[in-house]
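work_25.csv (CSV, C-alpha atoms and all ligand atoms) appears below.
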chain,number,residue,atom,x,y,z
A,191,PRO,CA,0.0,0.0,0.0
A,192,SER,CA,0.9,3.6,-0.6
A,193,LEU,CA,1.8,5.6,2.5
A,194,LYS,CA,0.2,8.7,1.3
A,195,ASP,CA,-3.1,6.9,0.7
A,196,VAL,CA,-3.0,5.3,4.2
A,197,PHE,CA,-2.8,8.7,5.8
A,198,ALA,CA,-4.9,10.6,3.3
A,199,ASP,CA,-7.6,11.4,5.8
A,200,HIS,CA,-5.1,12.8,8.3
A,201,PHE,CA,-2.1,14.7,6.8
A,202,LYS,CA,0.3,14.8,3.9
A,203,LEU,CA,3.1,12.3,3.9
A,204,GLY,CA,6.4,13.6,2.7
A,205,ALA,CA,10.1,13.0,2.3
A,206,ALA,CA,13.2,15.3,2.0
A,207,ILE,CA,15.3,14.4,-1.0
A,208,LEU,CA,18.3,15.7,-2.9
A,209,SER,CA,18.0,16.5,-6.6
A,210,ASN,CA,20.1,13.4,-7.7
A,211,GLU,CA,17.2,11.3,-6.4
A,212,VAL,CA,15.0,12.6,-9.2
A,213,GLU,CA,17.7,12.7,-11.9
A,214,ASP,CA,16.0,9.8,-13.6
A,215,PRO,CA,12.3,10.5,-13.5
A,216,ASN,CA,11.4,6.9,-14.1
A,217,GLY,CA,14.2,5.3,-12.0
A,218,PRO,CA,13.6,3.3,-8.8
A,219,ASP,CA,14.1,6.3,-6.6
A,220,ALA,CA,11.5,8.3,-8.5
A,221,GLN,CA,9.1,5.3,-8.5
A,222,LEU,CA,9.3,5.1,-4.7
A,223,LEU,CA,8.7,8.8,-4.3
A,224,LYS,CA,5.7,8.8,-6.7
A,225,LYS,CA,4.1,5.8,-5.0
A,226,HIS,CA,4.4,6.9,-1.4
A,227,TYR,CA,4.8,10.6,-0.9
A,228,ASN,CA,2.6,13.7,-1.6
A,229,SER,CA,5.0,16.3,-0.3
A,230,LEU,CA,8.7,16.7,-1.0
A,231,THR,CA,11.3,19.0,0.7
A,232,PRO,CA,14.6,19.8,-1.0
A,233,GLY,CA,17.1,18.7,1.6
A,234,ASN,CA,19.8,21.3,0.8
A,235,GLU,CA,18.9,22.9,-2.5
A,236,LEU,CA,16.9,25.8,-1.1
A,237,LYS,CA,19.4,26.9,1.6
A,238,TRP,CA,21.1,30.2,1.2
A,239,ASP,CA,24.5,28.7,0.3
A,240,ALA,CA,22.9,26.9,-2.6
A,241,THR,CA,20.6,29.6,-3.9
A,242,GLU,CA,22.7,32.7,-3.5
A,243,PRO,CA,26.3,31.7,-2.9
A,244,GLN,CA,27.6,35.1,-3.9
A,245,GLU,CA,25.7,38.4,-3.4
A,246,GLY,CA,23.1,38.8,-6.1
A,247,VAL,CA,24.2,35.6,-7.9
A,248,PHE,CA,21.4,33.1,-7.7
A,249,ASN,CA,21.4,29.4,-8.6
A,250,PHE,CA,18.3,27.3,-8.8
A,251,THR,CA,19.7,24.3,-10.7
A,252,GLY,CA,19.0,21.8,-7.8
A,253,SER,CA,15.7,23.2,-6.6
A,254,ASP,CA,14.3,23.5,-10.1
A,255,LYS,CA,14.8,19.8,-10.6
A,256,ILE,CA,12.9,18.9,-7.5
A,257,VAL,CA,10.1,21.4,-8.1
A,258,GLU,CA,9.7,20.3,-11.7
A,259,PHE,CA,9.6,16.6,-10.8
A,260,ALA,CA,7.0,17.4,-8.1
A,261,GLU,CA,4.9,19.4,-10.4
A,262,GLU,CA,4.9,16.8,-13.1
A,263,ASN,CA,3.7,14.2,-10.6
A,264,GLY,CA,1.2,16.3,-8.6
A,265,ILE,CA,3.3,16.3,-5.5
A,266,ALA,CA,3.4,19.3,-3.1
A,267,VAL,CA,6.7,21.0,-2.1
A,268,ARG,CA,7.8,22.5,1.2
A,269,GLY,CA,10.5,25.2,1.0
A,270,HIS,CA,13.4,24.8,3.4
A,271,THR,CA,14.8,27.3,4.4
A,272,LEU,CA,15.0,31.1,4.0
A,273,ILE,CA,16.8,32.3,7.1
A,274,TRP,CA,19.1,30.1,9.2
A,275,HIS,CA,22.4,30.5,11.0
A,276,SER,CA,23.9,27.5,9.2
A,277,GLN,CA,24.6,26.8,5.5
A,278,THR,CA,24.5,30.6,5.0
A,279,PRO,CA,27.5,32.3,3.3
A,280,ASN,CA,29.6,34.6,5.5
A,281,TRP,CA,29.2,37.6,3.1
A,282,VAL,CA,25.6,37.9,4.2
A,283,PHE,CA,26.8,39.2,7.6
A,284,TYR,CA,29.7,41.5,6.6
A,285,ASP,CA,30.1,44.8,4.7
A,286,ASP,CA,32.8,45.7,2.2
A,287,GLU,CA,35.3,46.7,4.9
A,288,GLY,CA,34.9,43.3,6.6
A,289,ASN,CA,32.9,44.8,9.5
A,290,LEU,CA,29.7,43.3,10.8
A,291,ALA,CA,26.9,44.5,8.5
A,292,SER,CA,24.5,47.2,9.6
A,293,LYS,CA,20.9,46.2,10.3
A,294,GLU,CA,19.9,48.1,7.1
A,295,LEU,CA,22.4,46.3,4.9
A,296,LEU,CA,21.3,42.9,6.5
A,297,TYR,CA,17.6,43.7,5.8
A,298,GLU,CA,18.4,44.8,2.3
A,299,ARG,CA,20.1,41.4,1.6
A,300,MET,CA,17.4,39.5,3.4
A,301,LYS,CA,14.6,41.1,1.5
A,302,ARG,CA,16.2,40.6,-1.9
A,303,HIS,CA,17.0,37.0,-1.1
A,304,ILE,CA,13.5,36.2,0.1
A,305,GLU,CA,11.8,38.0,-2.8
A,306,THR,CA,13.9,36.2,-5.4
A,307,VAL,CA,13.8,32.7,-4.0
A,308,MET,CA,10.1,32.7,-3.0
A,309,GLY,CA,9.2,34.7,-6.1
A,310,ARG,CA,10.6,32.0,-8.3
A,311,TYR,CA,8.4,29.3,-6.8
A,312,LYS,CA,5.3,31.4,-6.1
A,313,GLY,CA,2.3,29.0,-6.4
A,314,LYS,CA,4.6,26.0,-6.6
A,315,ILE,CA,5.8,25.8,-2.9
A,316,TYR,CA,2.9,25.7,-0.5
A,317,ALA,CA,4.8,26.2,2.8
A,318,TRP,CA,8.1,27.8,3.7
A,319,ASP,CA,10.4,27.4,6.7
A,320,VAL,CA,10.9,31.2,6.9
A,321,VAL,CA,13.3,30.9,9.9
A,322,ASN,CA,15.0,27.8,11.1
A,323,GLU,CA,16.5,27.0,14.5
A,324,VAL,CA,16.2,30.4,16.2
A,325,ILE,CA,15.4,28.9,19.6
A,326,GLU,CA,18.3,28.2,22.0
A,327,ILE,CA,18.2,27.9,25.7
A,328,GLY,CA,21.3,28.8,27.8
A,329,ASP,CA,22.9,31.5,29.9
A,330,ARG,CA,24.1,33.6,27.0
A,331,GLN,CA,20.9,33.1,24.9
A,332,PRO,CA,18.7,36.2,25.1
A,333,ASN,CA,14.9,35.6,25.3
A,334,GLY,CA,15.3,31.9,24.6
A,335,LEU,CA,16.7,32.9,21.2
A,336,ARG,CA,19.9,31.8,19.6
A,337,ASN,CA,22.7,34.4,19.7
A,338,SER,CA,23.4,34.0,16.0
A,339,LEU,CA,24.8,36.7,13.7
A,340,TRP,CA,21.3,37.5,12.6
A,341,TYR,CA,20.4,38.1,16.3
A,342,GLN,CA,23.6,40.0,17.0
A,343,ILE,CA,23.0,42.4,14.2
A,344,ALA,CA,19.3,42.9,14.4
A,345,GLY,CA,17.9,41.4,17.6
A,346,GLU,CA,14.5,39.6,17.6
A,347,GLU,CA,13.3,42.0,14.9
A,348,PHE,CA,15.1,40.0,12.2
A,349,ILE,CA,12.5,37.3,12.7
A,350,GLU,CA,9.6,39.8,12.2
A,351,LYS,CA,11.2,41.2,9.1
A,352,ALA,CA,11.7,37.7,7.6
A,353,PHE,CA,8.0,36.9,8.0
A,354,GLU,CA,6.9,40.3,6.6
A,355,TYR,CA,9.2,40.0,3.5
A,356,ALA,CA,8.0,36.4,3.0
A,357,HIS,CA,4.4,37.3,3.3
A,358,ALA,CA,4.8,40.1,0.8
A,359,ALA,CA,6.7,37.8,-1.6
A,360,ASP,CA,4.0,35.1,-1.7
A,361,PRO,CA,0.8,36.0,0.2
A,362,ASP,CA,-0.6,32.5,-0.3
A,363,ALA,CA,2.3,30.6,1.1
A,364,ILE,CA,1.9,29.1,4.6
A,365,LEU,CA,4.8,30.6,6.7
A,366,TYR,CA,6.5,28.4,9.2
A,367,ILE,CA,8.9,28.8,12.1
A,368,ASN,CA,10.9,25.5,12.3
A,369,ASP,CA,13.0,24.0,15.0
A,370,TYR,CA,14.5,20.9,16.6
A,371,ASN,CA,13.9,19.4,20.1
A,372,THR,CA,10.6,21.2,20.5
A,373,HIS,CA,9.5,18.4,22.8
A,374,ILE,CA,11.9,19.7,25.5
A,375,PRO,CA,9.7,21.8,27.8
A,376,ASP,CA,12.1,24.8,27.9
A,377,ARG,CA,12.6,24.9,24.2
A,378,ARG,CA,8.9,24.2,23.5
A,379,ASP,CA,7.8,27.0,25.8
A,380,ALA,CA,10.4,29.5,24.3
A,381,MET,CA,8.9,28.7,20.9
A,382,TYR,CA,5.4,29.2,22.2
A,383,ASP,CA,6.3,32.5,23.8
A,384,LEU,CA,8.0,33.7,20.6
A,385,VAL,CA,5.2,32.8,18.3
A,386,LYS,CA,2.7,34.4,20.7
A,387,ARG,CA,4.8,37.7,20.7
A,388,LEU,CA,4.9,37.6,16.9
A,389,LYS,CA,1.2,37.0,16.6
A,390,ASP,CA,0.3,39.7,19.1
A,391,LYS,CA,2.2,42.1,16.9
A,392,GLY,CA,0.4,41.0,13.8
A,393,ILE,CA,3.4,39.3,12.2
A,394,PRO,CA,2.2,36.8,9.6
A,395,VAL,CA,3.4,33.5,11.1
A,396,HIS,CA,1.1,30.7,10.3
A,397,GLY,CA,2.7,27.5,11.4
A,398,VAL,CA,5.1,25.7,13.8
A,399,GLY,CA,7.4,23.1,12.3
A,400,HIS,CA,8.8,20.3,14.5
A,401,GLN,CA,11.9,18.7,13.1
A,402,ASN,CA,11.7,15.5,15.2
A,403,HIS,CA,15.1,14.0,14.7
A,404,ILE,CA,14.4,11.4,17.4
A,405,SER,CA,15.8,8.0,18.3
A,406,ILE,CA,14.4,4.6,19.3
A,407,THR,CA,14.8,5.5,23.0
A,408,TYR,CA,14.3,9.3,23.0
A,409,PRO,CA,12.1,11.3,23.7
A,410,SER,CA,9.0,9.9,25.5
A,411,LEU,CA,5.7,9.6,23.6
A,412,ASN,CA,4.2,11.8,26.2
A,413,GLU,CA,6.6,14.6,25.4
A,414,MET,CA,5.8,14.2,21.7
A,415,ASP,CA,2.1,14.5,22.5
A,416,MET,CA,2.6,17.6,24.6
A,417,MET,CA,4.8,19.2,21.9
A,418,ILE,CA,1.9,19.3,19.6
A,419,GLU,CA,-0.8,20.0,22.1
A,420,LYS,CA,1.0,23.0,23.5
A,421,PHE,CA,0.4,25.1,20.4
A,422,ARG,CA,-3.3,24.3,20.0
A,423,ASP,CA,-4.6,27.5,21.6
A,424,LEU,CA,-2.3,29.7,19.4
A,425,GLY,CA,-4.4,28.7,16.4
A,426,VAL,CA,-1.3,27.9,14.2
A,427,ARG,CA,-0.9,25.0,11.7
A,428,GLN,CA,1.8,22.5,12.6
A,429,GLU,CA,3.9,20.0,10.6
A,430,ILE,CA,6.4,17.4,11.5
A,431,THR,CA,9.1,18.6,9.1
A,432,GLU,CA,12.1,16.3,9.4
A,433,LEU,CA,11.2,13.0,11.0
A,434,ASP,CA,13.8,10.3,11.4
A,435,MET,CA,14.4,7.7,14.2
A,436,SER,CA,18.1,6.9,14.8
A,437,ILE,CA,18.6,3.3,16.1
A,438,TYR,CA,21.3,4.6,18.5
A,439,SER,CA,21.2,6.2,21.9
A,440,ASN,CA,24.8,7.5,21.9
A,441,ASP,CA,27.5,8.5,19.4
A,442,SER,CA,29.8,5.6,20.1
A,443,GLN,CA,27.4,2.8,19.1
A,444,SER,CA,27.7,1.4,15.6
A,445,TYR,CA,26.2,-1.8,14.1
A,446,GLU,CA,27.2,-3.7,11.0
A,447,THR,CA,23.7,-4.8,10.4
A,448,PHE,CA,20.3,-3.8,11.9
A,449,PRO,CA,19.6,-6.0,14.9
A,450,TYR,CA,16.2,-7.7,14.6
A,451,GLU,CA,15.1,-6.7,18.2
A,452,LEU,CA,15.8,-3.1,17.2
A,453,GLN,CA,13.8,-3.5,14.0
A,454,VAL,CA,10.8,-4.6,16.0
A,455,GLU,CA,11.3,-1.8,18.6
A,456,GLN,CA,11.5,0.8,15.9
A,457,ALA,CA,8.4,-0.5,14.2
A,458,LEU,CA,6.3,-0.5,17.4
A,459,ARG,CA,7.5,3.0,18.2
A,460,TYR,CA,6.7,4.4,14.8
A,461,LYS,CA,3.3,3.0,15.2
A,462,ASP,CA,2.8,4.6,18.6
A,463,LEU,CA,4.1,7.9,17.3
A,464,PHE,CA,1.8,8.0,14.3
A,465,ASP,CA,-1.1,7.2,16.6
A,466,ILE,CA,-0.2,10.5,18.4
A,467,PHE,CA,0.1,12.3,15.1
A,468,LYS,CA,-3.3,11.0,14.0
A,469,LYS,CA,-4.9,12.2,17.3
A,470,HIS,CA,-3.7,15.7,16.4
A,471,SER,CA,-4.5,15.6,12.7
A,472,ASP,CA,-6.9,18.6,13.0
A,473,GLN,CA,-3.7,20.7,13.6
A,474,LEU,CA,-1.1,18.7,11.7
A,475,ASP,CA,-0.9,19.3,8.0
A,476,ALA,CA,2.0,17.1,7.1
A,477,VAL,CA,4.4,14.5,8.4
A,478,ILE,CA,7.7,14.7,6.4
A,479,PHE,CA,10.5,12.2,6.8
A,480,TRP,CA,14.1,13.6,6.5
A,481,GLY,CA,14.9,11.1,3.7
A,482,LYS,CA,13.0,8.5,1.8
A,483,ASP,CA,15.3,5.5,2.6
A,484,ASP,CA,18.1,4.4,4.8
A,485,LEU,CA,20.8,5.0,2.2
A,486,ASN,CA,19.8,8.6,1.7
A,487,THR,CA,19.9,9.7,5.3
A,488,TRP,CA,22.1,12.4,6.8
A,489,LEU,CA,22.4,10.2,9.9
A,490,ARG,CA,25.0,8.0,8.0
A,491,THR,CA,27.4,11.0,8.3
A,492,PHE,CA,26.0,12.9,11.2
A,493,PRO,CA,26.9,13.1,14.1
A,494,VAL,CA,29.4,10.4,13.1
A,495,THR,CA,29.9,8.2,10.1
A,496,ARG,CA,28.2,4.8,10.7
A,497,ASN,CA,25.4,2.7,9.5
A,498,ASN,CA,21.9,3.8,10.5
A,499,TRP,CA,18.4,2.7,9.7
A,500,PRO,CA,16.1,5.6,10.7
A,501,LEU,CA,13.4,5.6,8.0
A,502,LEU,CA,10.7,3.3,6.6
A,503,PHE,CA,12.6,1.8,3.7
A,504,ASP,CA,16.0,0.2,4.0
A,505,GLU,CA,19.2,0.9,2.0
A,506,ARG,CA,17.8,-1.2,-1.0
A,507,MET,CA,14.5,0.7,-0.8
A,508,GLN,CA,12.8,-2.4,0.6
A,509,ALA,CA,9.9,-1.8,3.0
A,510,LYS,CA,11.0,-2.3,6.6
A,511,LEU,CA,9.0,-3.6,9.6
A,512,ALA,CA,8.4,0.1,10.5
A,513,TYR,CA,6.6,0.5,7.2
A,514,TRP,CA,4.4,-2.5,7.8
A,515,ALA,CA,3.6,-1.3,11.3
A,516,LEU,CA,2.2,1.9,9.8
A,517,VAL,CA,0.3,0.5,6.9
A,518,ASP,CA,-0.9,-2.7,8.4
A,519,PRO,CA,-0.7,-2.4,12.2
A,520,THR,CA,-2.2,-5.8,13.0
A,601,LIG,C1,21.0,18.6,6.8
A,601,LIG,C2,21.2,17.9,5.5
A,601,LIG,O1,20.3,16.7,5.4
A,601,LIG,C3,22.6,17.5,5.2
A,601,LIG,O2,22.8,17.0,3.9
A,601,LIG,C4,23.5,18.8,5.4
A,601,LIG,O3,24.9,18.4,5.3
A,601,LIG,C5,23.3,19.4,6.7
A,601,LIG,O4,21.9,19.7,6.9
A,601,LIG,N1,18.1,20.3,10.6
A,601,LIG,C6,17.7,21.0,9.4
A,601,LIG,C7,18.2,20.4,8.1
A,601,LIG,O5,16.9,21.9,9.5
A,601,LIG,O6,18.4,21.5,7.2
A,601,LIG,C8,19.4,19.6,8.2
A,601,LIG,O7,19.7,19.0,7.0
A,601,LIG,C9,19.2,18.5,9.3
A,601,LIG,C10,19.0,19.2,10.7

Kindly transcribe the structure held in the file into structure tokens.
Ligand code: XIL
Amino acid sequence: PSLKDVFADHFKLGAAILSNEVEDPNGPDAQLLKKHYNSLTPGNELKWDATEPQEGVFNFTGSDKIVEFAEENGIAVRGHTLIWHSQTPNWVFYDDEGNLASKELLYERMKRHIETVMGRYKGKIYAWDVVNEVIEIGDRQPNGLRNSLWYQIAGEEFIEKAFEYAHAADPDAILYINDYNTHIPDRRDAMYDLVKRLKDKGIPVHGVGHQNHISITYPSLNEMDMMIEKFRDLGVRQEITELDMSIYSNDSQSYETFPYELQVEQALRYKDLFDIFKKHSDQLDAVIFWGKDDLNTWLRTFPVTRNNWPLLFDERMQAKLAYWALVDPT
């Protein structure tokens, strides 16, 4: 059975991919994508270092390939991401003299970037991660916000500007704030407070994205439940934007093959997790895996290089127990 059909009454079912996975539009990778997913996210191709590596020099080779493939096959696309502290070229933050850019210069660059990238895909990308990973808890993190170069130059206002420019660039796009570990109460509450401040000011933020890079043992199902429930009264849409489930609980473990007991554990946990997602499907628009199969997962190089089996299809694109637990939970 097709995953997207199984969850059709609840939410879109998606995967992040790289453009090489759609190079051959009839190859095995493309077949798997067409069969199971109705939302795709370019994994790297829409990040600032890919789309505007030098000031005013734009490159859409990779993102065009994915968006065209999606269009031809009636698949929706999520845009990831406009404003982030990572995978962003250094020139963005500095002036000609090599000093930290002024707020005005930063906003000028931000506006052109957002207008150009969103403008190109107007009507083709339904939702955008406007800002990514701005939450950070710690002694030196003001207001629960990451002390990034964006923040150092412009303060919290950079987030407001990003959403305003994005809304102007494509008024129909659903605008997301996206982050990881939003199940941790401090981080979840900092996100909640931020979104509330933004909404109270009339800033067009429409959704909260939960990355959900989790593992077989972490976090608890209850925390995952609370993570979504927390945002109910803010009236925002939500998506699970980058789901994967590492089989490891620390960085020093490494398996040659996927132990059978862990295959079963992973399958049962995916099933429980999707029961929670289904319970919240009135708020949840999509559940997107960060990769379509265990060969194409960033977790084979991050945080260390090792085998990992975090997704629903194995490295030969064969359906795993986790897949069967979701489509046929008997
Ligand atoms: C990852 C990509 O999958 C890798 O290919 C790249 O080297 C680093 O970034 N959170 C995010 C994603 O928001 O953009 C990251 O993607 C994974 C963590």

- Message: At a cut-off of 9 Å around the point (19.1, 1.4, 18.0) (file coordinates), what residues fall inside when counting all atoms listed in the file? I'd like the answer as a list of chain:residue names.
- Response: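 Taken together, the residues in range are A:Ser405, A:Ile406, A:Thr407, A:Met435, A:Ser436, A:Ile437, A:Tyr438, A:Ser439, A:Gln443, A:Ser444, A:Tyr445, A:Phe448, A:Pro449, A:Leu452, A:Gln453, A:Glu455, A:Gln456, A:Asn498, A:Trp499, A:Pro500.
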
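Distance check against A:Val267 using only C-alpha atoms: of A:Asp254, A:Asp195, A:Glu305, A:Asp415, the minimum falls on A:Asp254.
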
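In terms of minimum interatomic distance to A:Phe467, A:Leu433 ranks closest within A:Gly392, A:Ile325, A:Arg330, A:Leu433, counting only C-alpha atoms.
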
Using only C-alpha atoms and all ligand atoms, the best pick from A:Val212, A:Leu339, A:Leu474, A:Ile273 as closest to ligand LIG 601 (chain A) would be A:Ile273

- Within 9 Å of A:Ala380 using all atoms listed in the file, minus same-chain residues under 4 positions, as a VMD selection string: chain A and resid 325 to 327 333 to 335 375 to 376 384 to 385

Restricting the calculation to all atoms listed in the file: of A:Glu347, A:Asp462, A:Asp434, A:Glu261, which residue gets closest to ligand LIG 601 (chain A)?
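Smallest distance to ligand LIG 601 (chain A) is found for A:Asp434.
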
Output as CSV one row per residue of chain A within 6 Å of ligand LIG 601 (chain A): the closest atom pair and its distance in Å to one decimal place, counting all atoms listed in the file, sorted by chain and residue number ascending.
residue,atom,partner,partner_atom,distance
A:Gly233,CA,A:LIG601,O1,5.4
A:Asn234,CA,A:LIG601,C2,6.0
A:Trp488,CA,A:LIG601,O1,4.9

Please produce a file of those selected residues containing C-alpha atoms, as an mmCIF file, keeping the file's coordinate frame.
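Written out: result08.cif:
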data_model
loop_
_atom_site.group_PDB
_atom_site.id
_atom_site.type_symbol
_atom_site.label_atom_id
_atom_site.label_comp_id
_atom_site.auth_asym_id
_atom_site.auth_seq_id
_atom_site.Cartn_x
_atom_site.Cartn_y
_atom_site.Cartn_z
ATOM 1 C CA GLY A 233 17.100 18.700 1.600
ATOM 2 C CA ASN A 234 19.800 21.300 0.800
ATOM 3 C CA TRP A 488 22.100 12.400 6.800
#

(request) Considering only C-alpha atoms, return as a VMD selection string whatever protein or nucleic-acid residues lie within 7 Å of A:Ile430, sequence-local ones (same chain, fewer than 3 positions apart) excluded. (result) chain A and resid 399 to 402 433 476 to 478

**Message:** With only C-alpha atoms as the counted atoms, please give the residues lying no more than 12 Å from A:Val196, apart from itself and same-chain residues fewer than 4 positions off, as a VMD selection string.
**Reply:** chain A and resid 191 to 192 200 to 203 225 to 228 464 468 513 to 519

With distances taken over all atoms listed in the file, which of A:Lys469, A:Arg268, A:Arg377, A:Lys301 is nearest to A:Lys351?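 Among A:Lys469, A:Arg268, A:Arg377, A:Lys301, it is A:Lys301 that comes nearest to A:Lys351.
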
From atom CA of A:Glu258 to atom CA of A:Val282 the spacing works out at 28.6 Å

request  = One decimal, Å: what's the distance from atom CA of A:Leu458 over to atom CA of A:Asp504, could you say?
outcome  =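 Value for the atom CA of A:Leu458-atom CA of A:Asp504 distance: 16.6 Å.
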
Taken to one decimal, the atom CA of A:Phe421-atom CA of A:Ile374 distance is 13.7 Å
